[in-house]
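*Asks:* Below you will find the structure I want to go over with you.
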Amino acid sequence: MAHTPDMTTFEGIKEQAQGLIHLDVALVARQPIFDVSNNVPAYELLFRDPAMKPGLGGKNPSAATATVLIDGFELIRPTLRHGQRLFINFTEETLEAGLATMLPPDICVVEVLEHARPTPTLLQELRNLRQQGYTLALDDYTGQEELAAFLPLIDLVKVDVYRKGEAEIRSMVKILREYEVTLLAEKVEDSDTMRLCRELNFALFQGFFFGHVEIVKGKKLSPSQAVKFRLLSLTSSEESKINSVAEVVMADISLSYKLLRHINSVYFGLSKKVNSIRQAILLLGRQKFHQWLCVTILAGLDAAPMSHELAYASALRGKFLEVLARRNGEILARHSRTVTSSQRGMGASLFLLGLFSLLEHILGIPINEVRNELPMEEAMMDALATGTGPYAPWLDLIKAYELGEWDRVDTLVSHLGQSSAVLKASYAEAALWASDIFNDSQRQPKVRGIDFSLKKILPEHDNSNSE
């Protein structure tokens, strides 16, 4: 007998969820999912479920989870480009409560967690979701026999390849080839595992291999790259004159075009169009102009799709740390606590720290080879090069946040004297800022969508019926 979700319970969950909006324990982040061409057709929404934390005042745990899903989805959605999907985890309980239907099936991929049991109730709910057009994924598959009942209903299987030997990975793939499923290799951390998964015809890949691109010893900056870094050094100097900076930007037609496009974007909502480079710099202000220039130059150092994602992640990191420092300073000021000059200047330093944290992977050059080219103090370079010094915990914080290691995030926030209450708002502001910078100022590679019905990756807007 087909299972019909109890709509009374479902509506009650939605009502309770509305009363839990913006819980300070609800943290969200996104992690990229790559295809075989290193494009990003999707992201996974990482979140901390407040139902797992005390202090909900007797609220329904599913309502708390619904809050994170809705709130987190709305936070990440503006950062998605057309055609990109969002993978979202669901427990057995939240699936049976009908929470997946609160999100759009054309964007959201429903990810069934590996701890879910294939009960008749849950299996019927998955059939209902498929009929409504949802794409279903199975998380953390390692060959578990108890998950076999899910496989005929699943569109995509996320195969956990972390610290797995070649024989074990091949064995898992052999089992899954009996089903019509797309294969996603998750927790890919090194190039050897990546090569094996490509050989085994995995279609999608997830993990921090993209943040560990091979470094080539002896490789040097190209003349073009060296000029761009010298431009950064010039604009970061407090003594540099606005006219001198404007002249340098005007000498680069690409930079000039991108700057005018950025200042005239809907993000600023200016009533009159800006046509002067000098005026654009003045309107932005020195700090915001320097940030825009840093991101634009970083994104242009390498045109490969992987480098584009690394540049976006770098911009998001930098802005996240800067906003976190600023918001925490505002909290201190509201409570009449003294904010020192070093604390006030912390945001600008943290922005550069996050921005350049993936630079050696974008360039393929050890960070020590370019340290003299970067407008950064030695303490920040120590954090980037060796993971030591006073700035190192800030890098650890953003890495833990990106991985969804929430307990470690809590520990680092406490160590840094920050407020966990501002983490989510800081990430949201940074994500929107980075999205605006890249959407309005950078030339984007075409997004490739995932067509799970055909089990292959298709170009965006491909209306062909041919195989």
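Chains: A, B, ... in order of the structure tokens. Residues: from 1 per chain. Ligands: from 1, in order shown.
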Check which residues of stretch 391-440 of chain A sit at most 10 Å from stretch 32-47 of chain A using only C-alpha atoms, and return one row each with the closest pair of atoms and their distance in Å to one decimal, ordered by chain and rising number, as a Markdown table.

*Replies:*
| residue | atom | partner | partner_atom | distance |
| --- | --- | --- | --- | --- |
| A:Tyr401 | CA | A:Leu46 | CA | 9.2 |
| A:Glu402 | CA | A:Leu46 | CA | 8.2 |
| A:Leu403 | CA | A:Leu46 | CA | 7.8 |
| A:Gly404 | CA | A:Leu46 | CA | 5.9 |
| A:Glu405 | CA | A:Leu46 | CA | 9.5 |
| A:Trp406 | CA | A:Phe47 | CA | 8.7 |

*Asks:* Dump all heavy atoms for the selected residues as a CSV table (one decimal), in the first residue's frame?

*Replies:*
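Produced file again22.csv, reproduced below:
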chain,number,residue,atom,x,y,z
A,401,TYR,N,35.3,25.2,8.2
A,401,TYR,CA,34.0,25.6,7.9
A,401,TYR,C,33.6,25.0,6.5
A,401,TYR,O,32.5,24.5,6.3
A,401,TYR,CB,33.9,27.1,7.8
A,401,TYR,CG,32.5,27.7,7.8
A,401,TYR,CD1,31.8,28.1,9.0
A,401,TYR,CD2,31.8,27.7,6.6
A,401,TYR,CE1,30.5,28.6,9.0
A,401,TYR,CE2,30.5,28.2,6.6
A,401,TYR,CZ,29.9,28.6,7.8
A,401,TYR,OH,28.6,29.0,7.7
A,402,GLU,N,34.5,25.1,5.5
A,402,GLU,CA,34.3,24.6,4.2
A,402,GLU,C,34.0,23.1,4.2
A,402,GLU,O,33.2,22.6,3.4
A,402,GLU,CB,35.5,24.9,3.3
A,402,GLU,CG,35.6,26.3,2.9
A,402,GLU,CD,36.9,26.6,2.2
A,402,GLU,OE1,37.9,25.8,2.3
A,402,GLU,OE2,37.0,27.6,1.5
A,403,LEU,N,34.6,22.4,5.1
A,403,LEU,CA,34.4,20.9,5.2
A,403,LEU,C,33.2,20.5,6.0
A,403,LEU,O,32.9,19.3,6.1
A,403,LEU,CB,35.7,20.3,5.8
A,403,LEU,CG,36.9,20.3,4.9
A,403,LEU,CD1,38.2,19.9,5.7
A,403,LEU,CD2,36.8,19.4,3.7
A,404,GLY,N,32.6,21.5,6.7
A,404,GLY,CA,31.5,21.2,7.6
A,404,GLY,C,31.9,20.5,8.8
A,404,GLY,O,31.1,19.7,9.4
A,405,GLU,N,33.1,20.7,9.3
A,405,GLU,CA,33.6,20.1,10.5
A,405,GLU,C,33.2,21.1,11.7
A,405,GLU,O,34.0,21.8,12.2
A,405,GLU,CB,35.1,19.9,10.5
A,405,GLU,CG,35.6,18.9,9.4
A,405,GLU,CD,37.1,18.8,9.3
A,405,GLU,OE1,37.8,19.7,9.8
A,405,GLU,OE2,37.5,17.9,8.6
A,406,TRP,N,31.9,21.0,12.1
A,406,TRP,CA,31.4,22.0,12.9
A,406,TRP,C,31.9,22.0,14.3
A,406,TRP,O,32.0,23.1,15.0
A,406,TRP,CB,29.8,21.9,12.9
A,406,TRP,CG,29.2,21.9,11.6
A,406,TRP,CD1,28.5,20.9,11.0
A,406,TRP,CD2,29.4,22.9,10.6
A,406,TRP,NE1,28.1,21.3,9.7
A,406,TRP,CE2,28.7,22.5,9.4
A,406,TRP,CE3,30.1,24.1,10.5
A,406,TRP,CZ2,28.6,23.3,8.3
A,406,TRP,CZ3,30.0,24.9,9.4
A,406,TRP,CH2,29.2,24.5,8.3

*Asks:* Write out as a ChimeraX atom specification the set of residues from stretch 82-297 of chain A that DSSP, computed on the backbone, places in alpha helix (DSSP H).

*Replies:* /A:92-96,120-131,166-176,191-199,223-236,242-250,253-263,277-284,286-297

*Asks:* From stretch 73-143 of chain A, collect each residue whose DSSP state is strand (DSSP E) and return the set as number ranges by chain.

*Replies:* A: 85-90, 108-112, 135-141

*Asks:* Could you turn the residues from that selection into a file that holds C-alpha atoms, as a CSV table (one decimal), in the first residue's frame?

*Replies:*
chain,number,residue,atom,x,y,z
A,85,ARG,CA,22.2,21.8,-8.9
A,86,LEU,CA,22.3,21.6,-5.1
A,87,PHE,CA,22.8,18.3,-3.2
A,88,ILE,CA,21.1,18.2,0.2
A,89,ASN,CA,21.3,15.5,2.9
A,90,PHE,CA,18.1,14.0,4.3
A,108,CYS,CA,17.7,20.1,-5.4
A,109,VAL,CA,19.1,16.6,-5.5
A,110,VAL,CA,17.8,14.6,-2.6
A,111,GLU,CA,20.7,12.8,-0.9
A,112,VAL,CA,19.7,9.8,1.3
A,135,THR,CA,16.7,13.3,-8.4
A,136,LEU,CA,17.8,10.8,-5.7
A,137,ALA,CA,21.3,10.2,-4.6
A,138,LEU,CA,22.7,7.7,-2.0
A,139,ASP,CA,25.4,9.0,0.2
A,140,ASP,CA,28.7,7.4,1.5
A,141,TYR,CA,28.3,4.1,-0.3

*Asks:* For the atom pair atom CA of A:Tyr257 and atom CA of A:Val370, what is the interatomic distance in Å to one decimal place?

*Replies:*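 Rounded to one decimal, the two atoms are 27.4 Å apart.
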
*Asks:* Can you list, as number ranges by chain, every protein, DNA or RNA residue that comes within 12 Å of A:Leu384 when you count only C-alpha atoms, leaving out same-chain residues fewer than 5 positions away?

*Replies:* A: 350, 352-361, 366-368, 370-371, 374, 376-379, 389-396

*Asks:* Counting only C-alpha atoms, figure out which residue out of A:Ile76, A:Met381, A:Leu284, A:Ile70 gets nearest to A:Tyr427.

*Replies:*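 Distance minimum relative to A:Tyr427 lands on A:Ile76.
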
*Asks:* Give me the residues within 9 Å of A:Leu301 as a compact mmCIF listing (two decimals) with N, CA and C atoms, in the first residue's frame, counting only C-alpha atoms and dropping any in the same chain fewer than 2 places off.

*Replies:*
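Done, and the output landed in part_27.txt:
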# COMPACT_ATOMS: atom_id res chain seq x y z
N SER A 224 53.41 38.22 -17.70
CA SER A 224 52.08 38.81 -17.52
C SER A 224 51.64 38.71 -16.07
N GLN A 225 51.87 37.55 -15.45
CA GLN A 225 51.48 37.38 -14.05
C GLN A 225 52.29 38.28 -13.13
N LYS A 228 50.92 41.79 -13.11
CA LYS A 228 49.68 41.91 -12.34
C LYS A 228 49.97 41.97 -10.84
N THR A 296 39.83 40.09 -9.20
CA THR A 296 39.83 40.09 -10.66
C THR A 296 41.16 39.57 -11.21
N ILE A 297 42.25 40.01 -10.63
CA ILE A 297 43.56 39.54 -11.07
C ILE A 297 43.73 38.06 -10.75
N LEU A 298 43.31 37.65 -9.57
CA LEU A 298 43.43 36.25 -9.19
C LEU A 298 42.65 35.36 -10.14
N ALA A 299 41.44 35.77 -10.49
CA ALA A 299 40.59 34.98 -11.38
C ALA A 299 41.16 34.91 -12.80
N ALA A 303 43.01 30.39 -16.87
CA ALA A 303 41.65 30.32 -17.43
C ALA A 303 40.99 28.96 -17.26
N SER A 307 40.78 26.33 -11.93
CA SER A 307 41.34 27.55 -11.37
C SER A 307 40.24 28.58 -11.11
N ILE A 362 46.50 27.67 -7.61
CA ILE A 362 46.05 28.32 -8.85
C ILE A 362 47.22 28.45 -9.81
N LEU A 363 48.38 28.85 -9.28
CA LEU A 363 49.55 29.08 -10.11
C LEU A 363 50.35 27.82 -10.38

*Asks:* Which is closest to A:Leu316 among A:Leu69, A:Ala348, A:Leu255, A:Ile398, if we use only C-alpha atoms?

*Replies:* A:Ile398
